[in-house]
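Data block for protein-v8.cif (mmCIF, C-alpha atoms and all ligand atoms):
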data_structure
loop_
_atom_site.label_atom_id
_atom_site.label_comp_id
_atom_site.auth_asym_id
_atom_site.auth_seq_id
_atom_site.Cartn_x
_atom_site.Cartn_y
_atom_site.Cartn_z
CA MET D 3 -28.42 -90.33 75.67
CA ARG D 4 -25.29 -88.81 77.18
CA THR D 5 -23.31 -89.39 74.00
CA GLY D 6 -26.11 -87.97 71.82
CA LYS D 7 -26.31 -84.84 73.91
CA GLY D 8 -22.51 -84.49 73.71
CA GLN D 9 -22.60 -84.78 69.90
CA ARG D 10 -25.39 -82.22 69.69
CA SER D 11 -23.46 -79.82 71.88
CA SER D 12 -20.17 -80.28 69.96
CA GLY D 13 -22.15 -79.73 66.75
CA ARG D 14 -23.43 -76.45 68.15
CA TRP D 15 -19.88 -75.45 69.11
CA ARG D 16 -18.64 -76.27 65.61
CA TRP D 17 -21.43 -74.16 64.16
CA LEU D 18 -20.57 -71.27 66.50
CA SER D 19 -16.88 -71.43 65.62
CA TRP D 20 -17.76 -71.40 61.92
CA CYS D 21 -19.82 -68.27 62.53
CA PHE D 22 -16.95 -66.74 64.47
CA ALA D 23 -14.47 -67.54 61.69
CA LEU D 24 -16.83 -66.05 59.13
CA LEU D 25 -17.14 -62.93 61.27
CA LEU D 26 -13.34 -62.63 61.40
CA VAL D 27 -13.10 -63.01 57.63
CA LEU D 28 -15.80 -60.38 57.14
CA LEU D 29 -14.00 -58.00 59.50
CA ALA D 30 -10.74 -58.55 57.64
CA VAL D 31 -12.10 -57.86 54.19
CA TRP D 32 -14.79 -55.32 55.05
CA PRO D 33 -13.85 -51.94 53.61
CA VAL D 34 -13.12 -49.99 56.75
CA ARG D 35 -14.40 -46.44 56.65
CA ALA D 36 -11.48 -44.07 56.53
CA ASP D 37 -12.70 -42.34 59.67
CA ASP D 38 -12.80 -45.57 61.67
CA SER D 39 -9.34 -46.64 60.63
CA VAL D 40 -8.02 -43.94 62.94
CA ASN D 41 -9.12 -45.96 65.94
CA PHE D 42 -7.00 -49.05 65.63
CA LEU D 43 -4.45 -48.60 62.88
CA PRO D 44 -3.38 -45.01 63.19
CA LEU D 45 -1.14 -44.85 60.11
CA LEU D 46 -3.16 -46.97 57.72
CA SER D 47 -6.12 -46.28 55.51
CA PHE D 48 -7.76 -49.29 53.91
CA GLN D 49 -10.41 -47.43 52.01
CA VAL D 50 -10.09 -47.23 48.24
CA ALA D 51 -12.29 -44.30 47.41
CA PRO D 52 -12.73 -43.09 43.87
CA SER D 53 -11.53 -39.65 42.95
CA THR D 54 -14.44 -37.21 43.03
CA LEU D 55 -12.95 -33.99 41.71
CA VAL D 56 -14.56 -32.50 38.63
CA PRO D 57 -12.67 -31.45 36.61
CA PRO D 58 -9.79 -33.72 37.62
CA PRO D 59 -6.67 -31.91 38.82
CA GLN D 60 -4.14 -31.33 36.05
CA ASN D 61 -0.55 -32.24 36.75
CA ILE D 62 1.98 -30.86 34.30
CA PRO D 63 4.80 -33.23 33.31
CA TYR D 64 8.08 -31.35 33.01
CA THR D 65 11.54 -32.57 32.02
CA VAL D 66 14.21 -30.94 34.16
CA ARG D 67 16.96 -29.16 32.27
CA ASP D 68 20.58 -29.07 33.27
CA GLY D 69 21.21 -26.77 36.23
CA GLU D 70 17.55 -26.08 36.97
CA THR D 71 16.44 -25.82 40.56
CA LEU D 72 13.04 -26.22 42.17
CA PHE D 73 13.14 -22.47 42.62
CA ASP D 74 13.45 -22.02 38.83
CA LEU D 75 10.45 -24.29 38.29
CA ALA D 76 8.42 -22.44 40.94
CA ARG D 77 9.07 -19.25 39.00
CA LYS D 78 8.33 -20.86 35.66
CA PHE D 79 5.00 -22.33 36.75
CA HIS D 80 4.02 -19.57 39.18
CA ARG D 81 3.77 -21.93 42.10
CA PRO D 82 4.90 -21.27 45.67
CA LEU D 83 8.12 -23.11 46.44
CA HIS D 84 6.52 -25.10 49.26
CA GLN D 85 3.89 -26.39 46.81
CA MET D 86 6.61 -27.39 44.34
CA ALA D 87 8.20 -29.67 46.95
CA CYS D 88 5.41 -32.15 46.17
CA ALA D 89 6.74 -32.45 42.60
CA LEU D 90 9.78 -34.28 43.98
CA PRO D 91 9.85 -38.06 44.41
CA ARG D 92 8.73 -39.14 47.86
CA SER D 93 12.22 -40.29 48.87
CA ARG D 94 13.87 -36.98 48.00
CA ALA D 95 14.47 -34.18 50.51
CA ALA D 96 12.68 -30.93 49.70
CA ASN D 97 15.99 -29.13 49.23
CA ALA D 98 17.69 -31.89 47.22
CA PRO D 99 19.06 -30.88 43.80
CA LEU D 100 17.17 -31.85 40.66
CA ASN D 101 18.57 -34.27 38.08
CA ALA D 102 18.75 -33.11 34.50
CA GLY D 103 16.41 -35.20 32.35
CA GLU D 104 14.15 -36.40 35.13
CA VAL D 105 10.44 -35.85 34.62
CA LEU D 106 8.60 -34.11 37.45
CA LEU D 107 4.86 -33.69 37.76
CA ILE D 108 4.22 -30.04 38.51
CA PRO D 109 1.31 -29.91 41.00
CA PRO D 110 -2.00 -28.44 39.86
CA GLU D 111 -2.54 -24.80 40.68
CA ARG D 112 -5.29 -25.62 43.15
CA SER D 113 -3.41 -27.94 45.44
CA VAL D 114 -1.62 -27.97 48.74
CA CYS D 115 1.62 -29.76 49.54
CA HIS D 116 0.81 -31.01 53.02
CA VAL D 117 3.49 -32.32 55.38
CA MET D 118 2.18 -35.19 57.49
CA ALA D 119 2.22 -34.51 61.21
CA GLU D 120 2.97 -37.05 63.93
CA GLY D 121 0.10 -39.55 64.20
CA GLN D 122 -1.88 -37.85 61.43
CA THR D 123 -3.81 -40.07 59.03
CA LEU D 124 -4.55 -39.57 55.35
CA ALA D 125 -8.24 -39.62 56.25
CA ALA D 126 -7.73 -36.75 58.68
CA VAL D 127 -5.85 -34.79 56.01
CA ALA D 128 -8.62 -35.43 53.49
CA ARG D 129 -11.20 -34.23 56.02
CA ALA D 130 -9.15 -31.14 56.86
CA TYR D 131 -9.04 -30.05 53.23
CA GLY D 132 -12.59 -31.17 52.41
CA VAL D 133 -11.61 -33.73 49.78
CA ALA D 134 -12.15 -37.46 49.40
CA LEU D 135 -9.33 -39.80 50.37
CA GLY D 136 -9.45 -41.10 46.80
CA ASP D 137 -8.55 -37.64 45.51
CA ILE D 138 -5.34 -37.72 47.50
CA VAL D 139 -4.58 -41.32 46.54
CA ALA D 140 -5.15 -40.46 42.87
CA MET D 141 -2.31 -37.92 42.84
CA PRO D 142 0.64 -39.86 41.34
CA GLN D 143 3.13 -37.65 43.20
CA ASN D 144 1.99 -39.21 46.47
CA GLU D 145 3.13 -42.69 45.37
CA LEU D 146 0.24 -44.31 47.27
CA ARG D 147 -0.15 -47.42 45.14
CA ALA D 148 -2.47 -49.77 46.99
CA PRO D 149 -4.14 -49.95 50.39
CA PRO D 150 -3.10 -49.92 53.12
CA TYR D 151 -1.50 -46.58 52.41
CA TRP D 152 1.53 -46.19 54.64
CA VAL D 153 2.40 -42.64 55.56
CA ILE D 154 5.04 -41.38 57.93
CA PRO D 155 5.39 -38.08 59.79
CA GLY D 156 7.19 -35.52 57.64
CA GLN D 157 6.05 -37.12 54.40
CA ARG D 158 4.81 -34.72 51.74
CA ILE D 159 1.28 -35.34 50.53
CA LEU D 160 -0.16 -33.46 47.58
CA VAL D 161 -3.80 -32.59 48.23
CA PRO D 162 -5.79 -31.42 45.18
CA LEU D 163 -8.41 -28.88 46.12
CA PRO D 164 -11.96 -28.89 44.75
CA PRO D 165 -13.14 -25.64 43.13
CA GLU D 166 -15.73 -25.05 45.83
CA VAL D 167 -13.26 -25.16 48.72
CA ASP D 168 -12.59 -21.68 49.99
CA VAL D 169 -8.85 -21.25 49.80
CA SER D 170 -8.82 -17.66 50.98
CA PRO D 171 -5.12 -17.56 51.54
CA TRP D 172 -3.30 -16.76 54.71
CA THR D 173 -1.63 -13.41 54.18
CA PHE D 174 0.32 -12.99 57.40
CA GLY D 175 3.99 -13.50 58.04
CA ASP D 176 5.15 -15.57 60.99
CA GLY D 177 8.06 -13.23 61.69
CA HIS D 178 10.63 -15.93 60.92
CA PHE D 179 12.34 -14.42 57.91
CA VAL D 180 14.35 -16.24 55.28
CA TRP D 181 17.17 -14.76 53.25
CA PRO D 182 15.76 -13.22 50.07
CA VAL D 183 19.06 -13.90 48.29
CA GLN D 184 22.22 -15.75 49.30
CA GLY D 185 25.40 -13.80 48.81
CA PRO D 186 28.15 -11.74 50.37
CA LEU D 187 27.22 -8.52 52.12
CA SER D 188 28.78 -5.47 50.55
CA GLN D 189 27.16 -3.13 53.05
CA GLN D 190 25.93 -3.85 56.55
CA TRP D 191 23.13 -2.12 58.37
CA SER D 192 24.00 1.27 59.84
CA ARG D 193 22.15 4.46 60.65
CA ARG D 194 23.39 5.92 57.38
CA HIS D 195 22.44 2.78 55.43
CA PRO D 196 19.57 1.10 57.32
CA ALA D 197 19.55 -1.99 55.10
CA LEU D 198 21.63 -4.93 53.96
CA ASP D 199 23.28 -4.96 50.55
CA ILE D 200 23.49 -8.57 49.40
CA VAL D 201 25.59 -9.10 46.30
CA ALA D 202 24.42 -11.60 43.70
CA PRO D 203 24.68 -11.85 39.92
CA GLU D 204 22.08 -9.99 37.90
CA GLY D 205 19.03 -12.18 37.39
CA THR D 206 19.43 -14.13 40.65
CA LEU D 207 16.01 -14.95 42.10
CA VAL D 208 14.84 -12.77 44.95
CA ALA D 209 12.51 -14.55 47.38
CA ALA D 210 9.92 -13.03 49.69
CA ALA D 211 11.49 -13.11 53.16
CA ASP D 212 8.11 -13.99 54.71
CA THR D 213 4.48 -14.41 53.68
CA GLY D 214 2.49 -11.27 53.05
CA VAL D 215 0.83 -8.99 50.52
CA VAL D 216 2.72 -6.88 47.97
CA SER D 217 2.11 -3.24 48.88
CA TRP D 218 4.38 -1.77 46.20
CA ALA D 219 5.68 -3.24 42.95
CA GLY D 220 7.11 -0.79 40.48
CA TRP D 221 9.61 1.93 39.75
CA ASP D 222 10.70 4.14 42.60
CA THR D 223 11.98 7.63 41.82
CA THR D 224 13.96 8.13 45.02
CA GLY D 225 16.82 5.80 44.08
CA TYR D 226 15.46 2.33 44.87
CA GLY D 227 14.89 1.64 41.15
CA TRP D 228 12.58 -1.31 40.51
CA LEU D 229 11.20 -1.95 43.95
CA VAL D 230 8.97 -4.47 45.73
CA VAL D 231 7.57 -3.89 49.20
CA VAL D 232 5.80 -6.69 51.05
CA ASP D 233 3.50 -6.01 53.98
CA HIS D 234 3.53 -9.04 56.26
CA GLY D 235 0.43 -7.98 58.18
CA ASN D 236 2.19 -8.37 61.51
CA GLY D 237 3.88 -4.97 61.77
CA TYR D 238 6.77 -5.95 59.51
CA ARG D 239 7.33 -4.79 55.97
CA THR D 240 10.24 -5.90 53.79
CA LEU D 241 11.66 -3.91 50.92
CA TYR D 242 13.59 -5.28 47.93
CA ALA D 243 15.35 -2.65 45.83
CA HIS D 244 17.40 -2.21 42.63
CA LEU D 245 15.62 -5.21 41.04
CA HIS D 246 16.23 -6.18 37.44
CA SER D 247 12.69 -7.46 37.04
CA ILE D 248 9.54 -7.80 39.11
CA TRP D 249 7.27 -10.85 38.98
CA VAL D 250 4.53 -9.82 41.39
CA GLY D 251 1.91 -7.10 41.37
CA LYS D 252 0.53 -4.78 44.01
CA GLY D 253 -2.09 -6.52 46.14
CA GLU D 254 -0.77 -9.99 45.26
CA ARG D 255 -0.22 -12.45 48.04
CA VAL D 256 3.28 -13.86 48.30
CA VAL D 257 4.39 -16.83 50.32
CA LYS D 258 7.65 -17.03 52.21
CA GLY D 259 10.35 -18.17 49.79
CA GLN D 260 8.32 -17.36 46.70
CA PRO D 261 10.31 -15.68 43.92
CA ILE D 262 9.18 -12.07 43.55
CA GLY D 263 11.81 -10.70 41.21
CA ALA D 264 15.43 -10.80 40.09
CA VAL D 265 18.56 -9.06 41.31
CA GLY D 266 19.53 -6.03 39.26
CA THR D 267 21.25 -2.70 39.56
CA THR D 268 18.46 -0.27 38.78
CA GLY D 269 18.09 3.10 40.50
CA ARG D 270 20.97 4.52 42.55
CA SER D 271 23.18 1.45 42.54
CA THR D 272 26.80 0.73 41.67
CA GLY D 273 26.46 -2.94 40.72
CA PRO D 274 24.09 -5.92 40.86
CA HIS D 275 22.94 -6.48 44.44
CA LEU D 276 19.79 -6.61 46.53
CA HIS D 277 19.20 -3.72 48.89
CA PHE D 278 17.06 -5.34 51.58
CA GLU D 279 15.25 -3.52 54.36
CA ILE D 280 13.04 -4.76 57.17
CA ARG D 281 10.73 -2.20 58.71
CA ASP D 282 9.22 -2.87 62.11
CA TYR D 283 6.12 -0.64 62.31
CA GLY D 284 7.92 1.73 59.96
CA VAL D 285 11.28 1.65 61.76
CA LYS D 286 14.15 0.33 59.63
CA VAL D 287 15.65 -2.40 61.81
CA SER D 288 18.78 -4.45 61.24
CA PRO D 289 17.81 -7.48 59.14
CA LEU D 290 20.73 -9.43 60.62
CA THR D 291 18.95 -9.48 63.98
CA LEU D 292 15.91 -11.12 62.36
CA LEU D 293 17.44 -13.38 59.70
CA PRO D 294 18.79 -16.84 60.48
CA THR D 295 22.55 -17.23 60.48
CA PRO D 296 23.45 -18.45 56.98
CA SER D 297 24.99 -21.91 56.86
CA VAL D 298 27.80 -20.56 54.69
CA TYR D 299 28.63 -16.96 55.42
CA PRO D 300 30.05 -15.74 52.13
CA SER D 301 32.94 -13.36 52.36
CA GLY D 302 32.31 -9.87 51.03
CA ASP D 303 36.00 -9.22 50.24
CA GLY D 304 36.50 -7.15 47.15
CA VAL D 305 32.77 -6.69 46.62
CA ARG D 306 31.92 -3.11 45.80
CA ALA D 307 28.28 -3.09 44.69
CA GLY D 308 26.13 -1.05 46.99
CA GLN D 309 23.76 1.84 47.86
ZN ZN D 401 21.78 -0.56 49.98
#
Produce structure tokens that represent the structure in this file.
Amino acid sequence: MRTGKGQRSSGRWRWLSWCFALLLVLLAVWPVRADDSVNFLPLLSFQVAPSTLVPPPQNIPYTVRDGETLFDLARKFHRPLHQMACALPRSRAANAPLNAGEVLLIPPERSVCHVMAEGQTLAAVARAYGVALGDIVAMPQNELRAPPYWVIPGQRILVPLPPEVDVSPWTFGDGHFVWPVQGPLSQQWSRRHPALDIVAPEGTLVAAADTGVVSWAGWDTTGYGWLVVVDHGNGYRTLYAHLHSIWVGKGERVVKGQPIGAVGTTGRSTGPHLHFEIRDYGVKVSPLTLLPTPSVYPSGDGVRAGQ
């Protein structure tokens, strides 16, 4: 009797452990919902969701030519520079030079190049932009081959945007200006010349110093020549004068670093340079007090271009 009872009980235990093992197997292979994956594996997403965007986002393959920069491609494809960073291979720094002959996939127009934050999951990013995880995984630039999809903080993730997502763009500057052009200064800021004259060869790209809306793009009769003015919506306006050409229109939104034109010597100017002003609620302030110190401060010796 005792033995029989023991066998029955060990049989029950065996049956229970089989059930437990089966449960473990089920848990292991069950497709975890992207949202739940946040709870126990913060940087992994097991879900393989199909892409849902109609029409599918169009990447544009492009073979890099000798000497081309990401900036050149941003201009060519009318994409903000920060969006173009997602065209680079995952392992490459955003400011790394391009290799002639390499093929880059230019991101679709409606897309965002998102930089992963600390502890952020792909699922959270998908939710934030209102797209399916599968849409992000489907972008070849992201190099997310198979689940689990490892992502690390600082990694660039290209997020294609569905047509119905409202992408009313942010039009305000953050007040942290970038240099519109790199080059030696032929004229510093002074009361007589309340601007910087930055010397660069004709045709050099001029970048918006901060995000904003173009409030003037055209010929100026007072000596500025071809002129762009950007209103940053935060009290600051920046002014880019003597341009050779202008690539933005009045009312257009520009993003910090976006090419807006090319260096020229139009208007009252003695040689190719950018005459750059920053106006703080209308007051022409010294740009040097607001621009970051350049890593290489080019010498202005012998440079004469100005006004
Ligand atoms: Zn000047």
>> I'd like to know which of D:Ile280, D:Leu90, D:Ala128, D:Leu241 is closest to Ile262 (chain D), using all atoms listed in the file.
In response: D:Leu241
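From CA of Phe73 (chain D) back to CA of Val105 (chain D), the distance works out to 15.8 Å.
In terms of minimum interatomic distance to ligand ZN 401 (chain D), D:Trp191 ranks closest within D:Tyr151, D:Trp191, D:Trp249, D:Trp221, counting all atoms listed in the file.
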>> Which residue is closest to Arg67 (chain D)? Choose from D:Ala96, D:Leu55, D:Ala102, D:Leu290 and count all atoms listed in the file.
In response: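 Of the candidates, the smallest distance to Arg67 (chain D) is held by D:Ala102.
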> ligand ZN 401 (chain D): which residues are within 12 Å, counting all atoms listed in the file, as a count of residues only?
Replying inline: 40
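If you measure from each of D:Ala119, D:Asn97, D:Pro58, D:Pro91 to Gly136 (chain D) using only C-alpha atoms, the closest one turns out to be D:Pro58.
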>> One number please: CA of Tyr131 (chain D) to CA of Pro82 (chain D), in Å, one decimal.
In response: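 Between CA of Tyr131 (chain D) and CA of Pro82 (chain D) the gap is 18.1 Å.
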> For the atom pair CA of Gly121 (chain D) and CA of Leu107 (chain D), what is the interatomic distance in Å to one decimal place?
Replying inline: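 So the two atoms, CA of Gly121 (chain D) and CA of Leu107 (chain D), lie 27.5 Å apart.
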>> Env of Pro182 (chain D): 6 Å cut, atoms = all atoms listed in the file, seq-sep filter 4 positions within chain, self excluded. Answer as JSON, numbers by chain.
In response: {"D": [208, 209, 210, 211]}
Could you write region 176-193 of chain D as an mmCIF file, in the coordinates of the input, with N, CA and C atoms rebuilt where they are missing?
data_model
loop_
_atom_site.group_PDB
_atom_site.id
_atom_site.type_symbol
_atom_site.label_atom_id
_atom_site.label_comp_id
_atom_site.auth_asym_id
_atom_site.auth_seq_id
_atom_site.Cartn_x
_atom_site.Cartn_y
_atom_site.Cartn_z
ATOM 1 N N ASP D 176 4.990 -15.015 59.641
ATOM 2 C CA ASP D 176 5.150 -15.570 60.990
ATOM 3 C C ASP D 176 6.329 -14.922 61.711
ATOM 4 N N GLY D 177 6.963 -13.952 61.048
ATOM 5 C CA GLY D 177 8.060 -13.230 61.690
ATOM 6 C C GLY D 177 9.388 -13.965 61.640
ATOM 7 N N HIS D 178 9.378 -15.183 61.082
ATOM 8 C CA HIS D 178 10.630 -15.930 60.920
ATOM 9 C C HIS D 178 11.092 -15.739 59.476
ATOM 10 N N PHE D 179 11.955 -14.773 59.275
ATOM 11 C CA PHE D 179 12.340 -14.420 57.910
ATOM 12 C C PHE D 179 13.345 -15.403 57.327
ATOM 13 N N VAL D 180 13.310 -15.500 55.999
ATOM 14 C CA VAL D 180 14.350 -16.240 55.280
ATOM 15 C C VAL D 180 15.146 -15.247 54.448
ATOM 16 N N TRP D 181 16.356 -15.630 54.083
ATOM 17 C CA TRP D 181 17.170 -14.760 53.250
ATOM 18 C C TRP D 181 16.528 -14.631 51.874
ATOM 19 N N PRO D 182 16.360 -13.401 51.404
ATOM 20 C CA PRO D 182 15.760 -13.220 50.070
ATOM 21 C C PRO D 182 16.713 -13.640 48.956
ATOM 22 N N VAL D 183 17.999 -13.556 49.243
ATOM 23 C CA VAL D 183 19.060 -13.900 48.290
ATOM 24 C C VAL D 183 20.229 -14.383 49.126
ATOM 25 N N GLN D 184 20.982 -15.341 48.621
ATOM 26 C CA GLN D 184 22.220 -15.750 49.300
ATOM 27 C C GLN D 184 23.377 -15.042 48.631
ATOM 28 N N GLY D 185 24.249 -14.453 49.407
ATOM 29 C CA GLY D 185 25.400 -13.800 48.810
ATOM 30 C C GLY D 185 26.166 -12.997 49.834
ATOM 31 N N PRO D 186 27.348 -12.541 49.438
ATOM 32 C CA PRO D 186 28.150 -11.740 50.370
ATOM 33 C C PRO D 186 27.516 -10.372 50.601
ATOM 34 N N LEU D 187 27.770 -9.834 51.792
ATOM 35 C CA LEU D 187 27.220 -8.520 52.120
ATOM 36 C C LEU D 187 28.252 -7.462 51.749
ATOM 37 N N SER D 188 27.845 -6.538 50.902
ATOM 38 C CA SER D 188 28.780 -5.470 50.550
ATOM 39 C C SER D 188 28.553 -4.257 51.448
ATOM 40 N N GLN D 189 27.403 -4.207 52.085
ATOM 41 C CA GLN D 189 27.160 -3.130 53.050
ATOM 42 C C GLN D 189 26.265 -3.652 54.154
ATOM 43 N N GLN D 190 26.713 -3.437 55.393
ATOM 44 C CA GLN D 190 25.930 -3.850 56.550
ATOM 45 C C GLN D 190 24.913 -2.775 56.897
ATOM 46 N N TRP D 191 24.095 -3.096 57.883
ATOM 47 C CA TRP D 191 23.130 -2.120 58.370
ATOM 48 C C TRP D 191 23.847 -1.055 59.208
ATOM 49 N N SER D 192 23.486 0.182 59.003
ATOM 50 C CA SER D 192 24.000 1.270 59.840
ATOM 51 C C SER D 192 22.946 2.371 59.829
ATOM 52 N N ARG D 193 23.137 3.373 60.638
ATOM 53 C CA ARG D 193 22.150 4.460 60.650
ATOM 54 C C ARG D 193 22.117 5.177 59.305
#
